[in-house]
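**Student:** My file is entry.cif. It has mmCIF, C-alpha atoms and all ligand atoms:
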```cif
data_target
#
loop_
_atom_site.label_atom_id
_atom_site.label_comp_id
_atom_site.auth_asym_id
_atom_site.auth_seq_id
_atom_site.Cartn_x
_atom_site.Cartn_y
_atom_site.Cartn_z
CA MET I 13 20.94 2.72 -0.74
CA ALA I 14 23.16 4.49 1.72
CA TRP I 15 20.53 5.43 4.30
CA ARG I 16 19.54 1.79 4.64
CA LYS I 17 23.11 0.78 5.39
CA TRP I 18 23.22 3.41 8.09
CA ARG I 19 20.00 2.15 9.52
CA ASP I 20 21.20 -1.44 9.50
CA ALA I 21 24.31 -0.34 11.31
CA LEU I 22 22.26 1.52 13.91
CA TYR I 23 19.95 -1.46 14.43
CA GLU I 24 22.94 -3.70 14.84
CA LEU I 25 24.27 -1.37 17.51
CA LEU I 26 20.97 -1.26 19.38
CA PHE I 27 19.99 -4.90 19.02
CA PRO I 28 23.18 -6.80 18.33
CA GLY I 29 22.62 -10.18 16.71
CA SER I 30 18.89 -10.40 17.38
CA HIS I 31 16.92 -9.93 14.23
CA GLN I 32 13.52 -11.53 14.20
CA CYS I 33 11.04 -12.20 11.48
CA PHE I 34 7.92 -10.14 12.20
CA PHE I 35 5.74 -12.99 10.98
CA CYS I 36 7.10 -16.10 12.73
CA TRP I 37 9.52 -14.59 15.27
CA LYS I 38 12.29 -16.83 14.07
CA GLU I 39 15.76 -15.30 14.31
CA VAL I 40 17.09 -14.27 10.93
CA GLU I 41 20.60 -13.42 9.93
CA GLY I 42 21.49 -10.36 7.98
CA GLN I 43 17.97 -9.27 7.08
CA VAL I 44 17.54 -6.45 9.49
CA VAL I 45 15.42 -4.01 7.56
CA LYS I 46 13.45 -6.61 5.61
CA GLY I 47 12.10 -8.04 8.88
CA VAL I 48 10.92 -11.21 7.20
CA CYS I 49 12.60 -14.62 6.95
CA GLU I 50 12.95 -16.43 3.63
CA GLU I 51 10.28 -19.04 4.39
CA CYS I 52 7.70 -16.43 5.34
CA GLU I 53 8.57 -14.33 2.32
CA GLU I 54 8.06 -17.31 0.03
CA LYS I 55 4.76 -18.21 1.68
CA ILE I 56 3.45 -14.64 1.55
CA MET I 57 4.50 -14.04 -2.03
CA ALA I 58 2.57 -17.15 -3.14
CA LEU I 59 -0.71 -16.01 -1.55
CA HIS I 60 -2.06 -13.94 -4.43
CA LYS I 61 -1.84 -17.00 -6.67
CA GLU I 62 -3.12 -19.50 -4.12
CA LEU I 63 -6.11 -17.34 -3.20
CA SER I 64 -6.67 -16.02 -6.73
CA GLY I 65 -6.15 -12.29 -6.38
CA CYS I 66 -8.38 -10.53 -8.94
CA PRO I 67 -6.10 -9.16 -11.71
CA ARG I 68 -8.07 -5.94 -11.74
CA CYS I 69 -8.88 -4.99 -8.14
CA GLY I 70 -6.68 -7.30 -6.07
CA HIS I 71 -9.65 -8.74 -4.15
CA PHE I 72 -8.96 -12.37 -3.16
CA THR I 73 -11.73 -14.32 -4.84
CA GLY I 74 -10.74 -17.93 -4.16
CA GLY I 75 -11.26 -18.67 -7.85
CA LYS I 76 -14.82 -17.33 -8.05
CA GLU I 77 -15.87 -14.49 -10.27
CA CYS I 78 -14.80 -11.24 -8.63
CA PRO I 79 -17.70 -9.69 -6.69
CA ASN I 80 -15.82 -6.45 -6.09
CA CYS I 81 -14.96 -4.74 -9.38
CA TYR I 82 -17.91 -5.78 -11.58
CA ASP I 83 -19.38 -2.26 -11.41
CA TRP I 84 -16.20 -0.28 -11.95
CA GLY I 85 -17.21 0.70 -15.45
CA ASP I 86 -14.51 2.45 -17.40
CA VAL I 87 -12.25 3.24 -14.43
CA PRO I 88 -8.79 2.54 -15.76
CA GLY I 89 -7.64 1.24 -12.39
CA ARG I 90 -5.61 -1.77 -11.57
CA ILE I 91 -4.72 -2.75 -8.01
CA LEU I 92 -2.05 -5.20 -6.86
CA SER I 93 -2.20 -6.57 -3.33
CA VAL I 94 0.04 -8.84 -1.31
CA VAL I 95 -2.13 -10.51 1.32
CA PRO I 96 -5.79 -10.97 2.32
CA TYR I 97 -7.05 -8.61 5.00
CA SER I 98 -7.22 -11.28 7.68
CA GLY I 99 -5.38 -12.86 10.61
CA ILE I 100 -1.84 -11.72 11.30
CA TYR I 101 -1.77 -9.72 8.04
CA ARG I 102 -4.68 -7.62 9.22
CA ASP I 103 -3.25 -7.32 12.75
CA MET I 104 0.03 -5.97 11.41
CA VAL I 105 -1.51 -3.26 9.31
CA TYR I 106 -3.86 -2.42 12.16
CA SER I 107 -0.87 -1.88 14.48
CA LEU I 108 0.80 0.21 11.84
CA LYS I 109 -2.27 2.34 11.20
CA TYR I 110 -3.78 2.77 14.64
CA GLY I 111 -0.87 1.84 16.91
CA GLY I 112 1.66 4.04 15.12
CA ARG I 113 4.16 1.19 14.88
CA GLU I 114 6.21 2.57 12.04
CA GLU I 115 8.77 -0.25 12.16
CA LEU I 116 6.13 -2.57 10.70
CA ALA I 117 6.28 -0.56 7.50
CA ASP I 118 9.68 -2.16 6.84
CA PRO I 119 8.55 -5.75 6.19
CA LEU I 120 5.23 -4.66 4.70
CA SER I 121 6.81 -2.27 2.19
CA TYR I 122 9.54 -4.77 1.33
CA LEU I 123 6.94 -7.41 0.46
CA MET I 124 4.87 -4.87 -1.49
CA ALA I 125 7.92 -3.96 -3.55
CA GLN I 126 8.61 -7.67 -4.14
CA ARG I 127 5.02 -8.20 -5.24
CA TYR I 128 5.36 -5.42 -7.79
CA ASP I 129 8.75 -6.62 -8.96
CA ALA I 130 7.47 -10.16 -9.47
CA SER I 131 4.41 -8.97 -11.43
CA GLU I 132 4.33 -8.75 -15.20
CA LEU I 133 3.85 -4.98 -15.03
CA SER I 134 6.27 -2.65 -16.71
CA LYS I 135 9.16 -1.70 -14.47
CA GLY I 136 9.70 1.71 -16.06
CA VAL I 137 8.14 3.59 -13.15
CA ASP I 138 8.87 7.29 -12.65
CA LEU I 139 7.19 8.09 -9.40
CA ILE I 140 5.79 6.60 -6.20
CA MET I 141 2.87 8.41 -4.58
CA SER I 142 0.62 7.67 -1.61
CA VAL I 143 -3.04 8.15 -0.78
CA PRO I 144 -3.14 11.30 1.33
CA LEU I 145 -5.05 11.84 4.52
CA HIS I 146 -6.83 15.13 4.91
CA PRO I 147 -4.43 17.47 6.77
CA ASP I 148 -6.87 17.64 9.72
CA ARG I 149 -6.95 13.89 9.98
CA GLU I 150 -3.18 13.63 9.67
CA GLU I 151 -2.73 16.18 12.41
CA GLU I 152 -5.09 14.24 14.62
CA ARG I 153 -3.28 10.95 14.02
CA GLY I 154 0.18 12.43 13.76
CA TYR I 155 1.23 10.45 10.70
CA ASN I 156 0.05 8.91 7.46
CA GLN I 157 0.73 5.18 7.42
CA SER I 158 0.43 5.05 3.61
CA ALA I 159 3.22 7.61 3.34
CA TRP I 160 5.37 5.45 5.62
CA LEU I 161 4.83 2.54 3.26
CA ALA I 162 5.25 4.58 0.07
CA ARG I 163 8.52 6.16 1.11
CA ARG I 164 9.96 2.73 1.79
CA VAL I 165 8.56 1.12 -1.36
CA ALA I 166 10.29 3.92 -3.27
CA GLY I 167 13.49 3.03 -1.41
CA TRP I 168 13.25 -0.68 -2.22
CA LEU I 169 12.50 0.01 -5.89
CA GLY I 170 15.03 2.84 -6.16
CA LYS I 171 12.37 5.32 -7.35
CA ARG I 172 11.42 8.84 -6.40
CA TYR I 173 8.69 9.44 -3.83
CA ASP I 174 6.34 12.40 -4.06
CA GLY I 175 4.12 12.76 -1.01
CA GLU I 176 2.96 16.31 -1.69
CA ASN I 177 1.29 16.46 -5.05
CA LEU I 178 -1.78 14.31 -4.51
CA VAL I 179 -3.98 16.09 -2.00
CA ARG I 180 -7.16 15.43 -0.11
CA LEU I 181 -9.72 18.14 -0.56
CA ARG I 182 -12.49 16.93 1.68
CA TYR I 183 -12.76 15.48 5.10
CA GLU I 184 -15.25 12.63 4.89
CA ARG I 185 -16.68 10.95 7.89
CA ALA I 186 -15.57 7.35 8.40
CA GLN I 187 -16.43 5.23 5.39
CA THR I 188 -16.80 2.03 7.36
CA GLY I 189 -20.37 0.83 7.38
CA LEU I 190 -21.40 2.98 4.43
CA LYS I 191 -22.99 1.37 1.42
CA ARG I 192 -20.85 0.83 -1.63
CA GLU I 193 -22.61 3.45 -3.73
CA LYS I 194 -22.35 6.02 -0.98
CA ARG I 195 -18.64 5.37 -0.55
CA LYS I 196 -18.06 5.88 -4.23
CA GLU I 197 -20.07 9.07 -4.25
CA ASN I 198 -18.22 10.42 -1.21
CA MET I 199 -14.90 9.75 -2.83
CA ALA I 200 -15.61 11.18 -6.27
CA PHE I 201 -14.45 14.71 -5.48
CA ALA I 202 -12.23 14.01 -2.50
CA PHE I 203 -8.84 14.31 -4.22
CA GLY I 204 -6.90 16.69 -6.39
CA VAL I 205 -3.47 17.09 -8.00
CA ALA I 206 -1.69 20.25 -6.89
CA PHE I 207 0.87 20.36 -9.72
CA PRO I 208 -0.45 18.50 -12.77
CA GLU I 209 2.74 19.14 -14.73
CA LYS I 210 4.63 16.92 -12.29
CA VAL I 211 2.57 13.84 -13.17
CA ARG I 212 2.07 14.51 -16.88
CA ASN I 213 3.34 11.56 -18.93
CA LYS I 214 4.60 9.81 -15.81
CA ARG I 215 4.19 6.17 -14.84
CA ILE I 216 3.08 6.09 -11.24
CA ILE I 217 2.69 3.53 -8.47
CA LEU I 218 0.10 4.67 -5.97
CA ILE I 219 0.43 3.23 -2.47
CA ASP I 220 -2.19 2.59 0.18
CA ASP I 221 -2.26 0.24 3.16
CA VAL I 222 -5.51 -1.62 2.51
CA THR I 223 -8.06 -1.76 -0.28
CA THR I 224 -11.64 -2.83 0.30
CA THR I 225 -14.02 -1.68 -2.42
CA GLY I 226 -11.26 0.23 -4.24
CA ALA I 227 -13.32 3.45 -4.21
CA THR I 228 -10.53 5.54 -2.66
CA LEU I 229 -7.85 4.27 -4.99
CA ASN I 230 -10.07 4.67 -8.01
CA ALA I 231 -10.83 8.26 -7.11
CA CYS I 232 -7.09 8.96 -6.79
CA MET I 233 -6.27 7.19 -10.04
CA ARG I 234 -8.95 9.14 -11.81
CA VAL I 235 -7.51 12.54 -10.84
CA LEU I 236 -4.02 11.39 -11.77
CA TYR I 237 -5.25 10.34 -15.22
CA GLU I 238 -7.09 13.63 -15.53
CA ALA I 239 -3.73 15.30 -14.91
CA GLU I 240 -2.46 13.23 -17.87
CA ALA I 241 -0.42 10.63 -16.04
CA LYS I 242 0.67 7.98 -18.50
CA GLU I 243 -0.04 4.96 -16.32
CA VAL I 244 -1.13 4.46 -12.74
CA VAL I 245 -1.03 1.19 -10.85
CA ALA I 246 -2.07 0.93 -7.23
CA LEU I 247 -0.18 -1.26 -4.80
CA THR I 248 -1.51 -2.14 -1.36
CA TRP I 249 -0.47 -4.44 1.45
CA ALA I 250 -3.85 -6.12 1.98
CA ALA I 251 -7.09 -6.53 0.05
CA GLY I 252 -10.56 -7.79 0.94
CA TYR I 253 -11.24 -11.45 0.43
CA GLU I 254 -14.01 -14.00 0.20
CA LYS I 255 -14.16 -16.11 3.36
CA ILE I 256 -11.77 -18.73 2.18
CA VAL I 257 -8.86 -18.45 4.55
ZN ZN E 301 9.34 -15.90 9.29
ZN ZN E 302 -11.93 -7.62 -8.96
#
```
I'd like the structure from this file rewritten - as structure tokens, please.
Ligand SMILES: [Zn+2]
Ligand SMILES: [Zn+2]
**Tutor:**
Amino acid sequence: MAWRKWRDALYELLFPGSHQCFFCWKEVEGQVVKGVCEECEEKIMALHKELSGCPRCGHFTGGKECPNCYDWGDVPGRILSVVPYSGIYRDMVYSLKYGGREELADPLSYLMAQRYDASELSKGVDLIMSVPLHPDREEERGYNQSAWLARRVAGWLGKRYDGENLVRLRYERAQTGLKREKRKENMAFAFGVAFPEKVRNKRIILIDDVTTTGATLNACMRVLYEAEAKEVVALTWAAGYEKIV
């Protein structure tokens, strides 16, 4: 896409000849916006198989029965994830989310798009959306890291991004530390679709940075299905994992 060429050109002007992989710091040629070298890309893309990502919720189970989505009931959700929420993969998303390091969204979104492309899922996607923050929270933080990722995933896949239609209706206190049931309950009425006609009969990829229990993504997927979306798949950078890595 044209904007990416412009950005590459600008990068080249600012940092001539020094493009590093964000994961191993090796110099890479001609991969400015990707920000990941071929070896790291290959290693990262193999993780969901090596660590047995659950085909339903993306949780890395290490081959055991998935302890995360057993109580999902009839939620039609399906979540794809790239890496376990651990080590450098966790650090990167942490810097993106709390450190405001938007440039990290380049390699992360690129690998997310690759993960989706390499999956067996239908490629006839109409729309990319992201999990919204409540406007108060976004104002406080100044950005929404999931929107940063979603906009770029849309760019890599050549699809349209809609960051307006899915909205957050409630401001919940931090979910961390809350029991599973409570998280689910808190989330149930947290989201809405502002213009249902824009998602009707559409195939949607819903983007978030990290998934733990999947409660947030499930709540979003549910309202999108209620608005008669045809198919919704969630795609995240990292997912929870059993202590295997
Ligand atoms: Zn590398
Ligand atoms: Zn699962």
**Student:** Please report the interatomic distance between atom CA of I:Gly89 and atom CA of I:Leu63 in Å with one decimal.
**Tutor:**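 It comes out at 20.8 Å.
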**Student:** Excluding I:Ser93 and any residue of its chain fewer than 6 positions from it, enumerate the residues within 7 Å of it, using all atoms listed in the file, and give them as a list in words.
**Tutor:**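 Contacts, with the query itself left out: Gly70, Leu247, Thr248, Trp249, Ala250 and Ala251 of chain I.
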**Student:** Show me which residues sit within 8 Å of ligand ZN 302 (chain E) when counting all atoms listed in the file, and put them as JSON, numbers by chain.
**Tutor:** {"I": [65, 66, 67, 68, 69, 70, 71, 73, 78, 79, 80, 81, 82]}
**Student:** Output C-alpha atoms of each residue in that selection to a file, as an mmCIF file, in the frame of the given file.
**Tutor:**
```cif
data_model
loop_
_atom_site.group_PDB
_atom_site.id
_atom_site.type_symbol
_atom_site.label_atom_id
_atom_site.label_comp_id
_atom_site.auth_asym_id
_atom_site.auth_seq_id
_atom_site.Cartn_x
_atom_site.Cartn_y
_atom_site.Cartn_z
ATOM 1 C CA GLY I 65 -6.150 -12.290 -6.380
ATOM 2 C CA CYS I 66 -8.380 -10.530 -8.940
ATOM 3 C CA PRO I 67 -6.100 -9.160 -11.710
ATOM 4 C CA ARG I 68 -8.070 -5.940 -11.740
ATOM 5 C CA CYS I 69 -8.880 -4.990 -8.140
ATOM 6 C CA GLY I 70 -6.680 -7.300 -6.070
ATOM 7 C CA HIS I 71 -9.650 -8.740 -4.150
ATOM 8 C CA THR I 73 -11.730 -14.320 -4.840
ATOM 9 C CA CYS I 78 -14.800 -11.240 -8.630
ATOM 10 C CA PRO I 79 -17.700 -9.690 -6.690
ATOM 11 C CA ASN I 80 -15.820 -6.450 -6.090
ATOM 12 C CA CYS I 81 -14.960 -4.740 -9.380
ATOM 13 C CA TYR I 82 -17.910 -5.780 -11.580
#
```
**Student:** I'd like to know which of I:Gly99, I:Gly47, I:Pro147, I:Gly136 is closest to I:Phe34, using only C-alpha atoms.
**Tutor:**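 Using only C-alpha atoms, the shortest distance to I:Phe34 belongs to I:Gly47.
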**Student:** Select, from I:Ala206, I:Ala227, I:Ala58, I:Cys49, the residue with the minimum atom-to-atom distance to I:Arg180, counting all atoms listed in the file.
**Tutor:** I:Ala206
**Student:** Give the residue list for ligand ZN 301 (chain E) at 6 Å, counting all atoms listed in the file, as an NGL selection string, sorted by chain and then by residue number.
**Tutor:** :I and (33 or 35-36 or 38 or 48-49 or 51-52)
**Student:** With all atoms listed in the file as the basis for distance, which of I:Tyr101, I:Phe72, I:Trp160, I:Tyr155 is at the shortest distance from I:Ala117?
**Tutor:**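 Closest candidate: I:Trp160.
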**Student:** Nearest to I:Glu132: which of I:Ala202, I:Leu92, I:Leu178, I:Ile56 is it, counting all atoms listed in the file?
**Tutor:**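 Closest to I:Glu132 of all the choices is I:Leu92.
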**Student:** I:Tyr173: which residues within 9 Å, counting all atoms listed in the file, same-chain residues fewer than 3 positions away excluded, as a PyMOL selection string?
**Tutor:** chain I and resi 139-142+162-167
**Student:** One decimal, in Å: what's the spacing between atom CA of I:Arg215 and atom CA of I:Glu150?
**Tutor:**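 If I compute the distance from atom CA of I:Arg215 to atom CA of I:Glu150, I get 26.7 Å.
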**Student:** Rounded to one decimal in Å, what is the spacing between atom CA of I:Asp220 and atom CA of I:Val179?
**Tutor:**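 These two atoms are separated by 13.8 Å.
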**Student:** Which one of I:Val222, I:Leu181, I:Leu236, I:Leu169 sits closest to I:Asp103 if you count all atoms listed in the file?
**Tutor:**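 Counting all atoms listed in the file, the residue closest to I:Asp103 is I:Val222.
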**Student:** Using only C-alpha atoms, can you tell me which of I:Gly74, I:Leu108, I:Ala125, I:Arg149 comes closest to I:Gly170?
**Tutor:** I:Ala125
**Student:** Emit as lines of an AutoDock Vina configuration file the padded axis-aligned box for all listed atoms of stretch 205-215 of chain I, 5 Å per side, with centre and edge lengths in Å to one decimal.
**Tutor:**
```
center_x = 0.6
center_y = 13.3
center_z = -12.9
size_x = 18.1
size_y = 24.2
size_z = 22.0
```
**Student:** Using only C-alpha atoms, what does the table of stretch 122-234 of chain I residues within 8 Å of stretch 94-98 of chain I look like, with each row giving the shortest atom pair and its distance in Å to one decimal, sorted by chain and ascending number, as CSV?
**Tutor:**
```
residue,atom,partner,partner_atom,distance
I:Leu123,CA,I:Val94,CA,7.3
I:Met124,CA,I:Val94,CA,6.3
I:Arg127,CA,I:Val94,CA,6.4
I:Val222,CA,I:Tyr97,CA,7.6
```
**Student:** I'd like the contact shell of I:Glu238 - 12 Å cut-off, all atoms listed in the file, skipping same-chain residues fewer than 2 positions apart - returned as a list in words.
**Tutor:**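 Once the nearby chain positions are removed, what remains is Val87, Pro88, Phe203, Gly204, Val205, Phe207, Pro208, Glu209, Val211, Arg212, Asn213, Ala231, Cys232, Met233, Arg234, Val235, Leu236, Glu240, Ala241, Lys242, Glu243 and Val244 of chain I.
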**Student:** Just the selected residues (C-alpha atoms), exported as a compact mmCIF listing (two decimals), in the frame of the given file, please.
**Tutor:**
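This is the output file result-v1.txt:
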```txt
# COMPACT_ATOMS: atom_id res chain seq x y z
CA VAL I 87 -12.25 3.24 -14.43
CA PRO I 88 -8.79 2.54 -15.76
CA PHE I 203 -8.84 14.31 -4.22
CA GLY I 204 -6.90 16.69 -6.39
CA VAL I 205 -3.47 17.09 -8.00
CA PHE I 207 0.87 20.36 -9.72
CA PRO I 208 -0.45 18.50 -12.77
CA GLU I 209 2.74 19.14 -14.73
CA VAL I 211 2.57 13.84 -13.17
CA ARG I 212 2.07 14.51 -16.88
CA ASN I 213 3.34 11.56 -18.93
CA ALA I 231 -10.83 8.26 -7.11
CA CYS I 232 -7.09 8.96 -6.79
CA MET I 233 -6.27 7.19 -10.04
CA ARG I 234 -8.95 9.14 -11.81
CA VAL I 235 -7.51 12.54 -10.84
CA LEU I 236 -4.02 11.39 -11.77
CA GLU I 240 -2.46 13.23 -17.87
CA ALA I 241 -0.42 10.63 -16.04
CA LYS I 242 0.67 7.98 -18.50
CA GLU I 243 -0.04 4.96 -16.32
CA VAL I 244 -1.13 4.46 -12.74
```
**Student:** Take stretch 170-181 of chain I from the block and save it with all heavy atoms, as a PDB file, in the first residue's frame.
**Tutor:**
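For reference, result05.pdb as written:
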```
ATOM      1  N   GLY I 170      -4.933  -5.825   3.693  1.00  0.00           N
ATOM      2  CA  GLY I 170      -5.614  -5.082   2.633  1.00  0.00           C
ATOM      3  C   GLY I 170      -7.128  -5.024   2.846  1.00  0.00           C
ATOM      4  O   GLY I 170      -7.903  -5.087   1.899  1.00  0.00           O
ATOM      5  N   LYS I 171      -7.545  -4.916   4.120  1.00  0.00           N
ATOM      6  CA  LYS I 171      -8.985  -4.842   4.441  1.00  0.00           C
ATOM      7  C   LYS I 171      -9.314  -3.500   5.090  1.00  0.00           C
ATOM      8  O   LYS I 171      -8.442  -2.767   5.518  1.00  0.00           O
ATOM      9  CB  LYS I 171      -9.370  -5.971   5.407  1.00  0.00           C
ATOM     10  CG  LYS I 171      -8.992  -7.354   4.943  1.00  0.00           C
ATOM     11  CD  LYS I 171      -9.827  -7.797   3.765  1.00  0.00           C
ATOM     12  CE  LYS I 171      -9.423  -9.203   3.325  1.00  0.00           C
ATOM     13  NZ  LYS I 171     -10.049  -9.601   2.083  1.00  0.00           N
ATOM     14  N   ARG I 172     -10.609  -3.260   5.206  1.00  0.00           N
ATOM     15  CA  ARG I 172     -11.077  -2.006   5.777  1.00  0.00           C
ATOM     16  C   ARG I 172     -11.095  -2.095   7.309  1.00  0.00           C
ATOM     17  O   ARG I 172     -11.458  -3.125   7.872  1.00  0.00           O
ATOM     18  CB  ARG I 172     -12.492  -1.726   5.251  1.00  0.00           C
ATOM     19  CG  ARG I 172     -12.946  -0.292   5.392  1.00  0.00           C
ATOM     20  CD  ARG I 172     -14.042  -0.011   4.374  1.00  0.00           C
ATOM     21  NE  ARG I 172     -15.208  -0.868   4.576  1.00  0.00           N
ATOM     22  CZ  ARG I 172     -16.129  -0.650   5.511  1.00  0.00           C
ATOM     23  NH1 ARG I 172     -16.042   0.390   6.314  1.00  0.00           N
ATOM     24  NH2 ARG I 172     -17.164  -1.441   5.629  1.00  0.00           N
ATOM     25  N   TYR I 173     -10.709  -1.002   7.953  1.00  0.00           N
ATOM     26  CA  TYR I 173     -10.743  -0.953   9.407  1.00  0.00           C
ATOM     27  C   TYR I 173     -11.865  -0.031   9.875  1.00  0.00           C
ATOM     28  O   TYR I 173     -11.996   1.086   9.382  1.00  0.00           O
ATOM     29  CB  TYR I 173      -9.400  -0.443   9.952  1.00  0.00           C
ATOM     30  CG  TYR I 173      -9.435  -0.127  11.427  1.00  0.00           C
ATOM     31  CD1 TYR I 173      -9.725  -1.121  12.356  1.00  0.00           C
ATOM     32  CD2 TYR I 173      -9.184   1.158  11.903  1.00  0.00           C
ATOM     33  CE1 TYR I 173      -9.779  -0.848  13.706  1.00  0.00           C
ATOM     34  CE2 TYR I 173      -9.237   1.444  13.258  1.00  0.00           C
ATOM     35  CZ  TYR I 173      -9.529   0.439  14.152  1.00  0.00           C
ATOM     36  OH  TYR I 173      -9.591   0.712  15.495  1.00  0.00           O
ATOM     37  N   ASP I 174     -12.670  -0.533  10.798  1.00  0.00           N
ATOM     38  CA  ASP I 174     -13.701   0.307  11.399  1.00  0.00           C
ATOM     39  C   ASP I 174     -13.465   0.360  12.908  1.00  0.00           C
ATOM     40  O   ASP I 174     -13.692  -0.624  13.614  1.00  0.00           O
ATOM     41  CB  ASP I 174     -15.097  -0.266  11.097  1.00  0.00           C
ATOM     42  CG  ASP I 174     -16.200   0.613  11.676  1.00  0.00           C
ATOM     43  OD1 ASP I 174     -15.919   1.460  12.554  1.00  0.00           O
ATOM     44  OD2 ASP I 174     -17.362   0.451  11.258  1.00  0.00           O
ATOM     45  N   GLY I 175     -13.009   1.499  13.383  1.00  0.00           N
ATOM     46  CA  GLY I 175     -12.711   1.645  14.806  1.00  0.00           C
ATOM     47  C   GLY I 175     -13.782   2.401  15.571  1.00  0.00           C
ATOM     48  O   GLY I 175     -13.578   2.769  16.723  1.00  0.00           O
ATOM     49  N   GLU I 176     -14.922   2.629  14.939  1.00  0.00           N
ATOM     50  CA  GLU I 176     -15.958   3.468  15.556  1.00  0.00           C
ATOM     51  C   GLU I 176     -17.195   2.703  16.008  1.00  0.00           C
ATOM     52  O   GLU I 176     -17.851   3.082  16.977  1.00  0.00           O
ATOM     53  CB  GLU I 176     -16.450   4.530  14.537  1.00  0.00           C
ATOM     54  CG  GLU I 176     -15.357   5.335  13.858  1.00  0.00           C
ATOM     55  CD  GLU I 176     -14.693   6.289  14.828  1.00  0.00           C
ATOM     56  OE1 GLU I 176     -15.396   6.788  15.716  1.00  0.00           O
ATOM     57  OE2 GLU I 176     -13.476   6.503  14.716  1.00  0.00           O
ATOM     58  N   ASN I 177     -17.500   1.643  15.292  1.00  0.00           N
ATOM     59  CA  ASN I 177     -18.822   1.036  15.429  1.00  0.00           C
ATOM     60  C   ASN I 177     -19.011   0.213  16.705  1.00  0.00           C
ATOM     61  O   ASN I 177     -20.081   0.212  17.289  1.00  0.00           O
ATOM     62  CB  ASN I 177     -19.095   0.173  14.186  1.00  0.00           C
ATOM     63  CG  ASN I 177     -20.569  -0.080  13.992  1.00  0.00           C
ATOM     64  OD1 ASN I 177     -21.401   0.446  14.724  1.00  0.00           O
ATOM     65  ND2 ASN I 177     -20.893  -0.900  13.025  1.00  0.00           N
ATOM     66  N   LEU I 178     -17.959  -0.471  17.118  1.00  0.00           N
ATOM     67  CA  LEU I 178     -18.053  -1.246  18.357  1.00  0.00           C
ATOM     68  C   LEU I 178     -17.689  -0.313  19.509  1.00  0.00           C
ATOM     69  O   LEU I 178     -16.610   0.277  19.503  1.00  0.00           O
ATOM     70  CB  LEU I 178     -17.089  -2.431  18.287  1.00  0.00           C
ATOM     71  CG  LEU I 178     -17.116  -3.444  19.419  1.00  0.00           C
ATOM     72  CD1 LEU I 178     -18.494  -4.107  19.541  1.00  0.00           C
ATOM     73  CD2 LEU I 178     -16.057  -4.530  19.181  1.00  0.00           C
ATOM     74  N   VAL I 179     -18.605  -0.168  20.452  1.00  0.00           N
ATOM     75  CA  VAL I 179     -18.375   0.821  21.510  1.00  0.00           C
ATOM     76  C   VAL I 179     -18.463   0.204  22.901  1.00  0.00           C
ATOM     77  O   VAL I 179     -19.123  -0.806  23.112  1.00  0.00           O
ATOM     78  CB  VAL I 179     -19.397   1.992  21.435  1.00  0.00           C
ATOM     79  CG1 VAL I 179     -19.131   2.851  20.220  1.00  0.00           C
ATOM     80  CG2 VAL I 179     -20.830   1.468  21.414  1.00  0.00           C
ATOM     81  N   ARG I 180     -17.769   0.849  23.805  1.00  0.00           N
ATOM     82  CA  ARG I 180     -17.782   0.402  25.196  1.00  0.00           C
ATOM     83  C   ARG I 180     -18.802   1.227  25.953  1.00  0.00           C
ATOM     84  O   ARG I 180     -18.753   2.454  25.925  1.00  0.00           O
ATOM     85  CB  ARG I 180     -16.401   0.616  25.794  1.00  0.00           C
ATOM     86  CG  ARG I 180     -16.170  -0.132  27.048  1.00  0.00           C
ATOM     87  CD  ARG I 180     -14.864  -0.850  26.901  1.00  0.00           C
ATOM     88  NE  ARG I 180     -14.619  -1.766  27.972  1.00  0.00           N
ATOM     89  CZ  ARG I 180     -13.669  -2.670  27.937  1.00  0.00           C
ATOM     90  NH1 ARG I 180     -12.892  -2.770  26.883  1.00  0.00           N
ATOM     91  NH2 ARG I 180     -13.477  -3.491  28.934  1.00  0.00           N
ATOM     92  N   LEU I 181     -19.712   0.565  26.623  1.00  0.00           N
ATOM     93  CA  LEU I 181     -20.790   1.286  27.279  1.00  0.00           C
ATOM     94  C   LEU I 181     -20.523   1.532  28.754  1.00  0.00           C
ATOM     95  O   LEU I 181     -21.070   2.432  29.352  1.00  0.00           O
ATOM     96  CB  LEU I 181     -22.092   0.497  27.149  1.00  0.00           C
ATOM     97  CG  LEU I 181     -22.480   0.115  25.717  1.00  0.00           C
ATOM     98  CD1 LEU I 181     -23.645  -0.856  25.735  1.00  0.00           C
ATOM     99  CD2 LEU I 181     -22.823   1.348  24.908  1.00  0.00           C
TER     100      LEU I 181
END
```
